[in-house]
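Enquirer: Right, I'll just put the structure down here and ask away after.
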Amino acid sequence: MHLARFPRVKLCHAPTPLEFMPNLTRHLGGPQLWIKRDDCTGVATGGNKNRKLEFLMGEALAMGATHIVTQGAVQSNHVRQTAAVAAKLGLKCTALLEHRVQTNDSDYNDGGNVLMDRLMGIAIEYRPGGTDMQAAIEEVGERLKAQGEVPYVIPGGGSNATGALGYANVALELLAQANEMGLRIDRLVHATGSAGTQAGLVAGLEALNSGIRVLGIGVRNPKDRQEAAVHKLAEATAAKLGLSGGIRREAVEANCDYVGAGYGIPTEGMAEAVAMLARQEGIFLDPVYSGKGMAGLIDLIRKGAFSRDENVVFLHTGGQVGLFAYADFFTKSLA
Ligand SMILES: *Cc1c(COP(=O)(O)O)cnc(C)c1O
């Protein structure tokens with residue numbers, strides 16, 4: 001795994017901390033719960049997309065891009081982080097926001113990530129829910145090209161083999177930390193959406209022969225679709241890294257029992273998880289991804305899926321800005 005062979009812009013505050021959560025561990029009666037703080041990657045309040053953007057923007061600069069185009073749901077953390085990195089690098093940015101969550105709530109439509117997107121002054125275009133968003137950003141890319149720009153089109157979530165290199169790099173970072181601390185990691189758990197985070201982690205951890213099992217908690221798709229997407233992208237990432245032999249299908253595991261009614265729609269388990277982490281550890285999760293990921297981990301712990309002395313690391317992927325888009329939901333759920 002020789003990541004220096006790929007163009008990269010160093011953006012993240014890294015290594016991010018790997019910390020023990022003593023209160024949560026006690027509260028739930030084990031396993032030993034650790035947290036990898038990728039909510040603290042720096043740029044624009046942090047999050048996992050900054051990891052991918054190091055390699056994506058490296059490629060964009062290498063090809064002389066002038067304009068970054070990407071897409072996401074209205075409350076996309078990926079769009080917020082991409083817009084910030086584009087600003088930092090002096091590139092123009094157009095984001096397509098999909099009305100994937102149907103709501104008239106002004107906190108959702110104008111607050112949280114959207115507020116930050118607007119403060120950064122990027123061009124925002126809206127699309128109805130269900131739009132083929134990949135086709136839509138490619139179309140915008142063509143339009144900009146015709147206007148003389150050099151567009152660099154980033155898929156939703158920054159999830160292609162280039163972006164996933166960011167999480168192959170986190171596999172290296174995490175193992176180095178664990179080895180330094182003398183920490184035997186048994187399990188790594190995180191929220192999985194557009195698949196790049198899990199694909200990069202799995203490719204990296206397999207390449208390093210880590211023996212760490214990764215579990216993605218789905219926030220959108222059913223299990224078969226999610227695992228297929230992660231596996232396909234993990235194979236593409238491994239190929240890009242020059243790893244022979246591909247990725248074992250068994251290395252890709254997703255649990256999609258905690259999505260609830262759909263992407264971005266709150267669940268009771270998510271509300272409990274967000275409040276629990278805030279109260280036990282003073283750590284804030286987000287309503288769309290890490291809150292549902294932690295809800296899954298808490299439920300699996302209660303069902304006895306882990307032994308007391310196992311070391312389980314939860315990867316915090318960020319997204320807390322989204323809490324302010326769901327103020328009404330949390331206010332009611334705490335009442
Ligand atoms: C995008 C995102 C994820 C999911 O990562 P993918 O690489 O898209 O699977 C998880 N948590 C947060 C906060 C995110 O913004």
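Residue names in the structure tokens use chain letters A, B, ... in the order shown, residue numbers from 1 in each chain, and ligand numbers from 1 in the order shown.
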Skip range 183-187 of chain A itself and residues of its chain fewer than 5 positions away, then list as a compact mmCIF listing (two decimals) with all heavy atoms, in the first residue's frame all residues within 10 Å of it, counting only C-alpha atoms.
Expert:
# COMPACT_ATOMS: atom_id res chain seq x y z
N GLN A 32 -15.59 -3.43 25.26
CA GLN A 32 -14.74 -2.26 25.45
C GLN A 32 -14.93 -1.36 24.24
O GLN A 32 -14.60 -1.75 23.11
CB GLN A 32 -13.26 -2.67 25.59
CG GLN A 32 -13.02 -3.70 26.70
CD GLN A 32 -13.53 -3.22 28.06
OE1 GLN A 32 -13.11 -2.17 28.55
NE2 GLN A 32 -14.44 -3.99 28.66
N LEU A 33 -15.47 -0.17 24.48
CA LEU A 33 -15.87 0.69 23.37
C LEU A 33 -14.89 1.84 23.16
O LEU A 33 -14.62 2.63 24.06
CB LEU A 33 -17.29 1.23 23.63
CG LEU A 33 -18.37 0.15 23.57
CD1 LEU A 33 -19.69 0.67 24.15
CD2 LEU A 33 -18.58 -0.33 22.13
N TRP A 34 -14.38 1.91 21.96
CA TRP A 34 -13.42 2.93 21.54
C TRP A 34 -14.04 3.76 20.42
O TRP A 34 -14.98 3.31 19.76
CB TRP A 34 -12.13 2.28 21.04
CG TRP A 34 -11.42 1.48 22.10
CD1 TRP A 34 -11.80 0.25 22.58
CD2 TRP A 34 -10.25 1.86 22.82
NE1 TRP A 34 -10.92 -0.15 23.56
CE2 TRP A 34 -9.95 0.82 23.73
CE3 TRP A 34 -9.42 2.99 22.80
CZ2 TRP A 34 -8.86 0.87 24.59
CZ3 TRP A 34 -8.32 3.03 23.66
CH2 TRP A 34 -8.07 1.98 24.55
N LEU A 174 -5.04 3.82 11.52
CA LEU A 174 -5.66 3.15 12.67
C LEU A 174 -4.77 2.02 13.20
O LEU A 174 -4.60 1.87 14.42
CB LEU A 174 -7.03 2.59 12.24
CG LEU A 174 -7.84 1.86 13.31
CD1 LEU A 174 -8.28 2.83 14.41
CD2 LEU A 174 -9.06 1.18 12.69
N LEU A 175 -4.20 1.23 12.29
CA LEU A 175 -3.34 0.13 12.73
C LEU A 175 -2.09 0.67 13.41
O LEU A 175 -1.64 0.11 14.42
CB LEU A 175 -2.94 -0.75 11.55
CG LEU A 175 -3.92 -1.86 11.18
CD1 LEU A 175 -3.29 -2.78 10.15
CD2 LEU A 175 -4.32 -2.68 12.41
N GLN A 177 -1.83 3.41 15.09
CA GLN A 177 -2.24 3.86 16.43
C GLN A 177 -2.44 2.67 17.37
O GLN A 177 -2.00 2.68 18.52
CB GLN A 177 -3.56 4.64 16.35
CG GLN A 177 -3.41 6.04 15.80
CD GLN A 177 -4.76 6.72 15.63
OE1 GLN A 177 -5.69 6.14 15.06
NE2 GLN A 177 -4.87 7.94 16.12
N ALA A 178 -3.15 1.65 16.88
CA ALA A 178 -3.44 0.48 17.71
C ALA A 178 -2.14 -0.21 18.12
O ALA A 178 -1.97 -0.61 19.28
CB ALA A 178 -4.35 -0.48 16.95
N SER A 210 -4.98 -7.30 8.56
CA SER A 210 -5.18 -6.84 9.93
C SER A 210 -5.94 -7.81 10.81
O SER A 210 -5.81 -7.80 12.03
CB SER A 210 -5.96 -5.52 9.90
OG SER A 210 -7.30 -5.78 9.50
N GLY A 211 -6.79 -8.62 10.22
CA GLY A 211 -7.65 -9.50 11.03
C GLY A 211 -8.78 -8.75 11.72
O GLY A 211 -9.46 -9.31 12.57
N ILE A 212 -8.98 -7.47 11.38
CA ILE A 212 -10.06 -6.68 11.99
C ILE A 212 -11.31 -6.83 11.14
O ILE A 212 -11.29 -6.55 9.94
CB ILE A 212 -9.68 -5.19 12.09
CG1 ILE A 212 -8.45 -5.01 12.98
CG2 ILE A 212 -10.86 -4.36 12.61
CD1 ILE A 212 -7.91 -3.59 13.01
N ARG A 213 -12.41 -7.24 11.75
CA ARG A 213 -13.68 -7.34 11.03
C ARG A 213 -14.35 -5.98 11.01
O ARG A 213 -14.47 -5.32 12.04
CB ARG A 213 -14.61 -8.35 11.70
CG ARG A 213 -14.29 -9.80 11.35
CD ARG A 213 -15.13 -10.75 12.17
NE ARG A 213 -16.55 -10.72 11.79
CZ ARG A 213 -17.50 -11.31 12.49
NH1 ARG A 213 -17.22 -11.94 13.62
NH2 ARG A 213 -18.76 -11.26 12.08
N VAL A 214 -14.81 -5.59 9.83
CA VAL A 214 -15.49 -4.30 9.67
C VAL A 214 -16.99 -4.56 9.53
O VAL A 214 -17.39 -5.45 8.79
CB VAL A 214 -14.99 -3.56 8.41
CG1 VAL A 214 -15.71 -2.23 8.24
CG2 VAL A 214 -13.48 -3.36 8.47
N LEU A 215 -17.79 -3.80 10.26
CA LEU A 215 -19.24 -3.90 10.11
C LEU A 215 -19.80 -2.53 9.75
O LEU A 215 -19.65 -1.57 10.51
CB LEU A 215 -19.89 -4.39 11.42
CG LEU A 215 -21.43 -4.39 11.42
CD1 LEU A 215 -21.98 -5.35 10.37
CD2 LEU A 215 -21.97 -4.72 12.80
N PHE A 306 -21.47 -9.18 21.15
CA PHE A 306 -20.05 -9.02 21.47
C PHE A 306 -19.77 -9.55 22.87
O PHE A 306 -20.64 -9.47 23.74
CB PHE A 306 -19.64 -7.54 21.42
CG PHE A 306 -20.03 -6.84 20.14
CD1 PHE A 306 -21.22 -6.11 20.08
CD2 PHE A 306 -19.23 -6.92 19.02
CE1 PHE A 306 -21.60 -5.47 18.91
CE2 PHE A 306 -19.60 -6.27 17.85
CZ PHE A 306 -20.79 -5.55 17.78
N ASP A 309 -14.94 -8.52 26.80
CA ASP A 309 -13.55 -8.08 26.68
C ASP A 309 -13.13 -7.77 25.24
O ASP A 309 -11.99 -7.43 24.97
CB ASP A 309 -12.60 -9.11 27.31
CG ASP A 309 -12.70 -10.47 26.63
OD1 ASP A 309 -13.63 -10.64 25.79
OD2 ASP A 309 -11.88 -11.35 26.92
N GLU A 310 -14.08 -7.88 24.31
CA GLU A 310 -13.75 -7.50 22.93
C GLU A 310 -13.53 -5.99 22.82
O GLU A 310 -14.23 -5.22 23.48
CB GLU A 310 -14.93 -7.85 22.00
CG GLU A 310 -14.76 -9.12 21.20
CD GLU A 310 -15.94 -9.36 20.28
OE1 GLU A 310 -16.99 -9.80 20.79
OE2 GLU A 310 -15.82 -9.10 19.08
N ASN A 311 -12.58 -5.59 21.98
CA ASN A 311 -12.36 -4.17 21.71
C ASN A 311 -13.06 -3.78 20.42
O ASN A 311 -12.70 -4.25 19.34
CB ASN A 311 -10.87 -3.87 21.61
CG ASN A 311 -10.17 -3.99 22.95
OD1 ASN A 311 -10.61 -3.40 23.93
ND2 ASN A 311 -9.12 -4.79 23.00
N VAL A 312 -14.09 -2.95 20.57
CA VAL A 312 -14.87 -2.51 19.42
C VAL A 312 -14.60 -1.03 19.19
O VAL A 312 -14.77 -0.21 20.11
CB VAL A 312 -16.38 -2.74 19.66
CG1 VAL A 312 -17.20 -2.21 18.48
CG2 VAL A 312 -16.66 -4.23 19.87
N VAL A 313 -14.18 -0.69 17.98
CA VAL A 313 -13.93 0.72 17.65
C VAL A 313 -15.09 1.21 16.79
O VAL A 313 -15.41 0.61 15.76
CB VAL A 313 -12.61 0.89 16.87
CG1 VAL A 313 -12.44 2.34 16.42
CG2 VAL A 313 -11.42 0.46 17.72
N PHE A 314 -15.71 2.29 17.23
CA PHE A 314 -16.73 2.96 16.40
C PHE A 314 -16.04 4.10 15.67
O PHE A 314 -15.40 4.95 16.29
CB PHE A 314 -17.86 3.51 17.29
CG PHE A 314 -18.97 4.17 16.49
CD1 PHE A 314 -19.91 3.40 15.82
CD2 PHE A 314 -19.05 5.55 16.41
CE1 PHE A 314 -20.93 4.01 15.07
CE2 PHE A 314 -20.06 6.16 15.66
CZ PHE A 314 -21.00 5.38 14.99
Enquirer: With only C-alpha atoms as the counted atoms, please give the residues lying no more than 12 Å from Ala135 in chain A, apart from itself and same-chain residues fewer than 2 positions off, as an MDAnalysis selection string.
Expert: chainID A and resid 69:71 96 127 130:133 137:142 153:156
Enquirer: Please identify all protein, DNA and RNA residues within 6 Å of ligand 1, counting only C-alpha atoms and all ligand atoms, and report them as a VMD selection string.
Expert: chain A and resid 77 to 78 157 191 to 197 289 to 290 317 to 319
Enquirer: Select from range 1-204 of chain A everything DSSP, run on the backbone, classes as strand (DSSP E), then give the selection as a count of residues only.
Expert: 39
Enquirer: Please, which residues of range 11-254 of chain A, numbered as in this document, come out helix (DSSP H, G or I) from DSSP, as a PyMOL selection string?
Expert: chain A and resi 22-28+38-40+43-45+49-62+77-89+106-110+112-119+133-146+156-158+161-181+196-207+223-240+249-251
Enquirer: I want to know what sits within 10 Å of Met270 in chain A, based on only C-alpha atoms, with residues of the same chain fewer than 3 positions away left out; could you give that as a ChimeraX atom specification?
Expert: /A:258-260,265-267,273-276,285-296,298
Enquirer: For the selection just defined, write its residues with C-alpha atoms to a file, as a CSV table (one decimal), in the first residue's frame.
Expert:
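Output file result-v4.csv is given in full below:
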chain,number,residue,atom,x,y,z
A,258,TYR,CA,-31.5,0.3,11.4
A,259,VAL,CA,-32.4,2.4,8.4
A,260,GLY,CA,-36.0,2.9,9.7
A,265,ILE,CA,-35.8,9.9,8.4
A,266,PRO,CA,-35.2,9.9,12.1
A,267,THR,CA,-35.7,6.7,14.2
A,273,ALA,CA,-28.0,6.9,20.6
A,274,VAL,CA,-27.4,10.6,20.0
A,275,ALA,CA,-28.6,11.5,23.5
A,276,MET,CA,-26.7,8.6,25.1
A,285,LEU,CA,-23.3,12.1,16.7
A,286,ASP,CA,-25.5,13.1,13.7
A,287,PRO,CA,-29.1,12.2,12.9
A,288,VAL,CA,-28.6,10.7,9.4
A,289,TYR,CA,-25.4,8.6,9.6
A,290,SER,CA,-23.4,8.2,12.8
A,291,GLY,CA,-26.6,8.3,15.0
A,292,LYS,CA,-28.1,5.4,13.1
A,293,GLY,CA,-24.7,3.6,13.1
A,294,MET,CA,-24.4,3.9,16.8
A,295,ALA,CA,-28.1,2.9,17.3
A,296,GLY,CA,-27.2,-0.3,15.4
A,298,ILE,CA,-26.1,-0.3,20.8
Enquirer: Identify, on the basis of only C-alpha atoms, every residue whose closest approach to Glu19 in chain A does not exceed 8 Å; exclude the query and any residue fewer than 6 positions from it along the same chain; express the result as a CSV table (one decimal) with N, CA, C and O atoms, in the first residue's frame.
Expert:
chain,number,residue,atom,x,y,z
A,34,TRP,N,-14.4,1.9,22.0
A,34,TRP,CA,-13.4,2.9,21.5
A,34,TRP,C,-14.0,3.8,20.4
A,34,TRP,O,-15.0,3.3,19.8
A,35,ILE,N,-13.5,4.9,20.2
A,35,ILE,CA,-14.0,5.8,19.1
A,35,ILE,C,-12.9,6.4,18.4
A,35,ILE,O,-11.9,6.9,18.9
A,36,LYS,N,-12.9,6.3,17.0
A,36,LYS,CA,-12.0,6.9,16.1
A,36,LYS,C,-12.6,8.2,15.6
A,36,LYS,O,-13.6,8.2,14.9
A,37,ARG,N,-12.0,9.4,16.0
A,37,ARG,CA,-12.7,10.6,15.8
A,37,ARG,C,-12.5,11.3,14.4
A,37,ARG,O,-11.9,12.4,14.3
Enquirer: Asp105 in chain A: which residues within 9 Å, counting only C-alpha atoms, same-chain residues fewer than 6 positions away excluded, as a VMD selection string?
Expert: chain A and resid 325 to 326 328
Enquirer: What does the distance between CA of Leu144 in chain A and CA of Leu233 in chain A come to in Å, to one decimal place?
Expert: 27.9 Å
Enquirer: Return the single residue from A:Asp39, A:Asp257, A:Glu281, A:Glu250 that is closest to Ile217 in chain A, with distances computed using only C-alpha atoms.
Expert: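 Going through A:Asp39, A:Asp257, A:Glu281, A:Glu250 one by one, the smallest distance to Ile217 in chain A is for A:Asp257.
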Enquirer: Under the rule that only C-alpha atoms are counted, which of A:Val189, A:Val170, A:Ala164, A:Ile122 is the nearest residue to Leu97 in chain A?
Expert: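 Using only C-alpha atoms, the shortest distance to Leu97 in chain A belongs to A:Ile122.
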Enquirer: Hey, can you check how far CA of Glu206 in chain A sits from CA of Gly47 in chain A?
Expert: 23.5 Å
Enquirer: Report, in Å to a single decimal, how far apart CA of Gly90 in chain A and CA of Asn169 in chain A are.
Expert: 25.3 Å
Enquirer: Excluding Tyr167 in chain A and any residue of its chain fewer than 2 positions from it, enumerate the residues within 9 Å of it, using only C-alpha atoms, and give them as a PyMOL selection string.
Expert: chain A and resi 48+51-52+163-165+169-172+196-204
Enquirer: Of the candidates A:Leu208, A:Leu297, A:Val321, A:Leu188, which one gets nearest to Leu28 in chain A if we count only C-alpha atoms?
Expert: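 Using only C-alpha atoms, Leu28 in chain A sits closest to A:Leu297.
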